[in-house]
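Student: Can you keep this structure in mind? I'll have questions shortly.
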Amino acid sequence: MSATATDGAGTNGPPPSAFEPAEAIWTGETDDILICQAVRDETHDVKTFVLAPAEPGRFRYQPGQFMTYAFEIGGETIYRCYTISSAPTRPDRIALTVKRVPGGPVSNWLHDSFKPGMRLRAAGPMGDFTSSAHPAAKYLFLSGGSGITPVMSMARTFHDLGREEDVTFIHSARSPADIIFREELEAMARVNPAFRFVPIVQNVGPLAPSTGLRGFLTREILDLVAPDFREREVFVCGPTPYMAAVREMLAAAGYDMARYHDESFNFETLSASEQSEAVEAEEQLESEAEAPVKTYKVEFSKTRRTIDVPADMTVLEAAKRAGMRLPSSCSQGLCGTCKSKKVSGTVEMDHKGGIRQREIDAGMVLLCCSKPTSDLVVER
Ligand SMILES: Cc1cc2nc3c(=O)[nH]c(=O)nc-3n(C[C@H](O)[C@H](O)[C@H](O)COP(=O)(O)OP(=O)(O)OC[C@H]3O[C@@H](n4cnc5c(N)ncnc54)[C@H](O)[C@@H]3O)c2cc1C
Ligand code: FES
């Protein structure tokens with residue numbers, strides 16, 4: 001897969017060599033180009049990319065927030081969200097930390113092709129998964145795999161500020177070699193008695209021995225590591241099944257779920273049962289088409305699929321029900337992941353800032369919050 005240098009993506013000479021503290025606050029509204037400064041290996045399949053604004057500027061965001069990036073890959077624009085893994089206390093740069101997903105177009109392109117000096121377009125920061133919105137004396141951070149990034153940003157922020165919040169950070173990884181940011185978290189724990197880092201690994205092997213906890217996060221482990229968990233504000237991020245299990249475990253333990261906060265990167269796969277649900281939903285959709293609500297034809301020009309979409313349903317929802325897998329995450333018109341080119345037709349779009357006016361003028365739509373008002377052709 002190749003990256004083109006169209007519309008702001010691609011190489012543009014060497015990165016700036018001298019560091020000049022900036023006064024201005026970066027805003028994607030006036031300048032959405034970010035330049036890669038460095039690429040760092042975190043684990044065998046996770047890399048961190050450090051980005052600087054094209055024009056001198058400082059980033060202002062809350063720890064745990066994310067950005068949406070536009071990637072020009074193989075002649076196509078693909079949108080993906082990435083948490084800012086760095087801390088807002090170091091505002092001259094932002095970092096994203098990306099796990100390579102087998103077969104995934106963007107994560108593999110970032111790992112294989114994105115190099116210092118190359119540019120990206122970005123929108124944000126956005127998201128409300130942040131400790132700043134929920135001040136507390138004690139926190140419990142629970143993460144799985146690459147879901148560590150938002151809580152890492154929170155931990156780095158507390159550390160940089162020399163704050164006294166009591167943080168227990170339990171991270172689940174496949175093996176010791178998969179523990180992202182391990183050295184840094186252990187270093188934080190060494191110098192700050194109020195910060196505890198507890199990794200749990202599923203597998204150990206001869207090349208990756210471990211003396212720590214093994215298996216999955218269970219109630220027994222939680223009671224052992226954070227017996228006072230009911231007193232803590234909880235932040236959870238990880239794969240969907242992990243988050244579902246944690247939520248269930250805390251609710252069953254009588255934890256006050258008003259103090260529970262989670263964020264999904266939405267990385268589940270469509271299971272066989274979900275696929276059959278999708279087929280059932282498609283049948284339901286077909287029967288709904290007979291109902292009085294007007295129905296429009298929506299054609300996806302790349303996959304050459306046409307579905308019926310009732311006027312009171314979003315295109316994304318109808319596509320999901322028809323068993324199609326379109327990129328999406330927030331489903332609220334916020335993150336921009338589902339942004340697509342509308343080739344023809346009209347929609348009623350009720351977004352929450354995930355698309356800019358100039359993109360709307362150029363024919364882009366967010367499928368998660370767009371209902372058809374005519375037959376449509378969408379470039380997907
Ligand atoms: C708010 C938000 C923040 C995010 N922050 C990060 C981050 O900090 N680091 C990061 O690596 N990713 C993050 N993601 C996921 C990221 O946006 C991409 O989905 C991911 O990099 C895969 O993109 P892709 O194009 O390679 O593959 P896709 O085509 O998007 O995904 C291919 C398949 O892999 C699954 N998948 C996606 N991400 C992962 C993952 N991390 N681990 C395992 N399976 C996955 C998808 O569900 C899908 O089934 C975030 C997503 C959201 C919505
Ligand atoms: S899925 Fe987030 S804007 Fe559509």
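Residue names in the structure tokens use chain letters A, B, ... in the order shown, residue numbers from 1 in each chain, and ligand numbers from 1 in the order shown.
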Report as a PyMOL selection string all protein, DNA and RNA residues lying within 10 Å of A:Met257, evaluated on only C-alpha atoms, omitting residues in the same chain fewer than 2 positions from it.

Tutor: chain A and resi 230+233-234+247+250-251+254-255+259-261

Student: Can you pull out every residue with an atom within 9 Å of ligand 1? Use only C-alpha atoms and all ligand atoms and format it as a CSV table (one decimal) with C-alpha atoms, in the first residue's frame.

Tutor:
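Output file pocket_32.csv follows:
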```csv
chain,number,residue,atom,x,y,z
A,46,VAL,CA,3.6,-0.7,19.0
A,47,LYS,CA,5.2,2.5,17.9
A,65,GLN,CA,-8.5,13.2,24.7
A,66,PHE,CA,-7.9,12.1,21.1
A,67,MET,CA,-7.5,13.5,17.7
A,68,THR,CA,-8.9,12.5,14.3
A,78,ILE,CA,-9.0,7.4,5.5
A,79,TYR,CA,-9.9,8.8,8.9
A,80,ARG,CA,-8.9,7.3,12.2
A,81,CYS,CA,-8.9,8.5,15.8
A,82,TYR,CA,-5.8,8.2,18.0
A,83,THR,CA,-5.5,9.1,21.7
A,84,ILE,CA,-2.9,11.7,22.6
A,85,SER,CA,-0.5,9.5,24.6
A,96,LEU,CA,0.2,9.0,19.3
A,97,THR,CA,1.0,5.4,20.2
A,98,VAL,CA,-0.2,2.9,17.7
A,99,LYS,CA,-0.5,-0.9,17.8
A,100,ARG,CA,-0.1,-2.7,14.5
A,101,VAL,CA,-3.4,-4.4,13.7
A,102,PRO,CA,-3.1,-7.3,11.2
A,103,GLY,CA,-4.6,-6.3,7.9
A,104,GLY,CA,-5.5,-2.8,9.2
A,105,PRO,CA,-4.8,-0.2,6.5
A,106,VAL,CA,-3.8,2.8,8.8
A,107,SER,CA,-1.9,1.2,11.6
A,108,ASN,CA,0.3,-0.8,9.2
A,109,TRP,CA,0.9,2.3,7.0
A,110,LEU,CA,1.9,4.3,10.1
A,126,MET,CA,-11.8,15.9,21.4
A,127,GLY,CA,-13.4,13.5,23.8
A,145,GLY,CA,-3.5,-3.7,25.3
A,146,SER,CA,-3.3,-0.4,23.3
A,147,GLY,CA,-6.1,0.9,25.5
A,148,ILE,CA,-3.3,2.0,27.8
A,149,THR,CA,-2.8,5.3,25.9
A,150,PRO,CA,-5.5,7.6,27.5
A,238,GLY,CA,-9.3,-1.7,26.3
A,239,PRO,CA,-10.8,-4.2,23.9
A,263,GLU,CA,-13.6,4.7,26.4
A,264,SER,CA,-13.8,2.3,23.6
A,265,PHE,CA,-11.5,2.1,20.6
A,266,ASN,CA,-14.2,-0.1,19.2
A,267,PHE,CA,-11.9,-2.9,18.3
A,268,GLU,CA,-14.2,-5.9,18.5
A,269,THR,CA,-14.8,-8.2,15.6
A,270,LEU,CA,-18.1,-9.2,14.2
A,326,LEU,CA,-18.0,0.7,7.7
A,327,PRO,CA,-15.5,2.6,9.8
A,328,SER,CA,-17.1,4.2,12.8
A,329,SER,CA,-16.4,4.8,16.4
A,330,CYS,CA,-18.4,7.5,18.3
A,335,CYS,CA,-14.9,11.9,15.9
A,337,THR,CA,-14.1,8.2,11.6
```

Student: How many Å separate atom CA of A:Lys320 from atom CA of A:Lys341?

Tutor: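 Going from atom CA of A:Lys320 over to atom CA of A:Lys341 covers 18.1 Å.
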
Student: Of the candidates A:Glu231, A:Asp361, A:Glu186, A:Asp128, which shows the shortest atom-to-atom distance to A:Asp166, using only C-alpha atoms?

Tutor: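 Under the stated criterion, the closest residue is A:Glu231.
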
Student: Show me a table, sorted first by chain and then by increasing residue number, of the residues of chain A having an atom at most 7 Å from ligand 2, each with its shortest atom pair and the distance in Å to one decimal, counting only C-alpha atoms and all ligand atoms and written as a Markdown table.

Tutor:
```
| residue | atom | partner | partner_atom_place_in_ligand_line | distance |
| --- | --- | --- | --- | --- |
| A:Ser328 | CA | ligand 2 | 1 (S) | 3.8 |
| A:Ser329 | CA | ligand 2 | 1 (S) | 4.2 |
| A:Cys330 | CA | ligand 2 | 2 (Fe) | 4.0 |
| A:Ser331 | CA | ligand 2 | 1 (S) | 3.9 |
| A:Gln332 | CA | ligand 2 | 2 (Fe) | 5.5 |
| A:Gly333 | CA | ligand 2 | 3 (S) | 3.5 |
| A:Leu334 | CA | ligand 2 | 3 (S) | 4.4 |
| A:Cys335 | CA | ligand 2 | 2 (Fe) | 3.9 |
| A:Gly336 | CA | ligand 2 | 3 (S) | 3.9 |
| A:Thr337 | CA | ligand 2 | 2 (Fe) | 5.0 |
| A:Cys338 | CA | ligand 2 | 4 (Fe) | 4.3 |
| A:Lys339 | CA | ligand 2 | 4 (Fe) | 6.5 |
| A:Gly354 | CA | ligand 2 | 3 (S) | 5.3 |
| A:Leu366 | CA | ligand 2 | 4 (Fe) | 5.2 |
| A:Leu367 | CA | ligand 2 | 4 (Fe) | 6.0 |
| A:Cys368 | CA | ligand 2 | 4 (Fe) | 4.4 |
| A:Cys369 | CA | ligand 2 | 4 (Fe) | 6.6 |
```

Student: With distances taken over only C-alpha atoms, which residue among A:Phe129, A:Tyr296, A:Phe181, A:Phe71 lies nearest A:Thr346?

Tutor: A:Tyr296

Student: Residues at most 10 Å from A:Asp31, counting only C-alpha atoms, excluding those fewer than 2 positions away in the same chain, as a ChimeraX atom specification?

Tutor: /A:26-29,33-34,53-55,57,121-123

Student: Considering only C-alpha atoms, can you say which of A:Ala155, A:Ala52, A:Leu142, A:Thr373 comes closest to A:Ala173?

Tutor: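 Using only C-alpha atoms, A:Ala173 sits closest to A:Leu142.
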
Student: Taking the DSSP assignment computed from this structure's backbone, write out as a ChimeraX atom specification all residues of stretch 112-155 of chain A that belong to strand (DSSP E or B).

Tutor: /A:118-126,138-144

Student: Kindly save the residues from that selection, with N, CA and C atoms included, as an mmCIF file, in the first residue's frame.

Tutor:
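Contents of again.cif, freshly written:
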```cif
data_model
loop_
_atom_site.group_PDB
_atom_site.id
_atom_site.type_symbol
_atom_site.label_atom_id
_atom_site.label_comp_id
_atom_site.auth_asym_id
_atom_site.auth_seq_id
_atom_site.Cartn_x
_atom_site.Cartn_y
_atom_site.Cartn_z
ATOM 1 N N MET A 118 7.330 13.755 7.521
ATOM 2 C CA MET A 118 6.051 13.583 6.808
ATOM 3 C C MET A 118 4.935 14.312 7.551
ATOM 4 N N ARG A 119 3.897 14.617 6.798
ATOM 5 C CA ARG A 119 2.811 15.450 7.334
ATOM 6 C C ARG A 119 1.496 14.690 7.421
ATOM 7 N N LEU A 120 0.664 15.161 8.332
ATOM 8 C CA LEU A 120 -0.680 14.601 8.500
ATOM 9 C C LEU A 120 -1.644 15.750 8.707
ATOM 10 N N ARG A 121 -2.890 15.556 8.344
ATOM 11 C CA ARG A 121 -3.912 16.537 8.716
ATOM 12 C C ARG A 121 -4.627 16.018 9.960
ATOM 13 N N ALA A 122 -4.937 16.918 10.882
ATOM 14 C CA ALA A 122 -5.542 16.488 12.151
ATOM 15 C C ALA A 122 -6.674 17.409 12.560
ATOM 16 N N ALA A 123 -7.642 16.842 13.255
ATOM 17 C CA ALA A 123 -8.731 17.646 13.835
ATOM 18 C C ALA A 123 -8.874 17.253 15.294
ATOM 19 N N GLY A 124 -9.187 18.201 16.114
ATOM 20 C CA GLY A 124 -9.339 17.920 17.548
ATOM 21 C C GLY A 124 -8.625 18.978 18.337
ATOM 22 N N PRO A 125 -8.259 18.694 19.563
ATOM 23 C CA PRO A 125 -8.524 17.486 20.341
ATOM 24 C C PRO A 125 -10.000 17.377 20.728
ATOM 25 N N MET A 126 -10.431 16.161 21.001
ATOM 26 C CA MET A 126 -11.819 15.941 21.408
ATOM 27 C C MET A 126 -11.934 14.737 22.343
ATOM 28 N N LYS A 138 -8.422 9.611 44.779
ATOM 29 C CA LYS A 138 -7.889 8.294 44.440
ATOM 30 C C LYS A 138 -8.437 7.840 43.097
ATOM 31 N N TYR A 139 -7.560 7.278 42.284
ATOM 32 C CA TYR A 139 -7.983 6.766 40.975
ATOM 33 C C TYR A 139 -7.599 5.303 40.827
ATOM 34 N N LEU A 140 -8.375 4.623 39.994
ATOM 35 C CA LEU A 140 -8.002 3.275 39.558
ATOM 36 C C LEU A 140 -8.036 3.288 38.038
ATOM 37 N N PHE A 141 -6.868 3.094 37.416
ATOM 38 C CA PHE A 141 -6.792 3.027 35.955
ATOM 39 C C PHE A 141 -6.706 1.558 35.561
ATOM 40 N N LEU A 142 -7.609 1.142 34.679
ATOM 41 C CA LEU A 142 -7.607 -0.246 34.206
ATOM 42 C C LEU A 142 -7.506 -0.219 32.690
ATOM 43 N N SER A 143 -6.461 -0.844 32.153
ATOM 44 C CA SER A 143 -6.329 -0.813 30.694
ATOM 45 C C SER A 143 -5.934 -2.171 30.172
ATOM 46 N N GLY A 144 -6.268 -2.386 28.885
ATOM 47 C CA GLY A 144 -5.906 -3.627 28.210
ATOM 48 C C GLY A 144 -5.288 -3.281 26.859
#
```
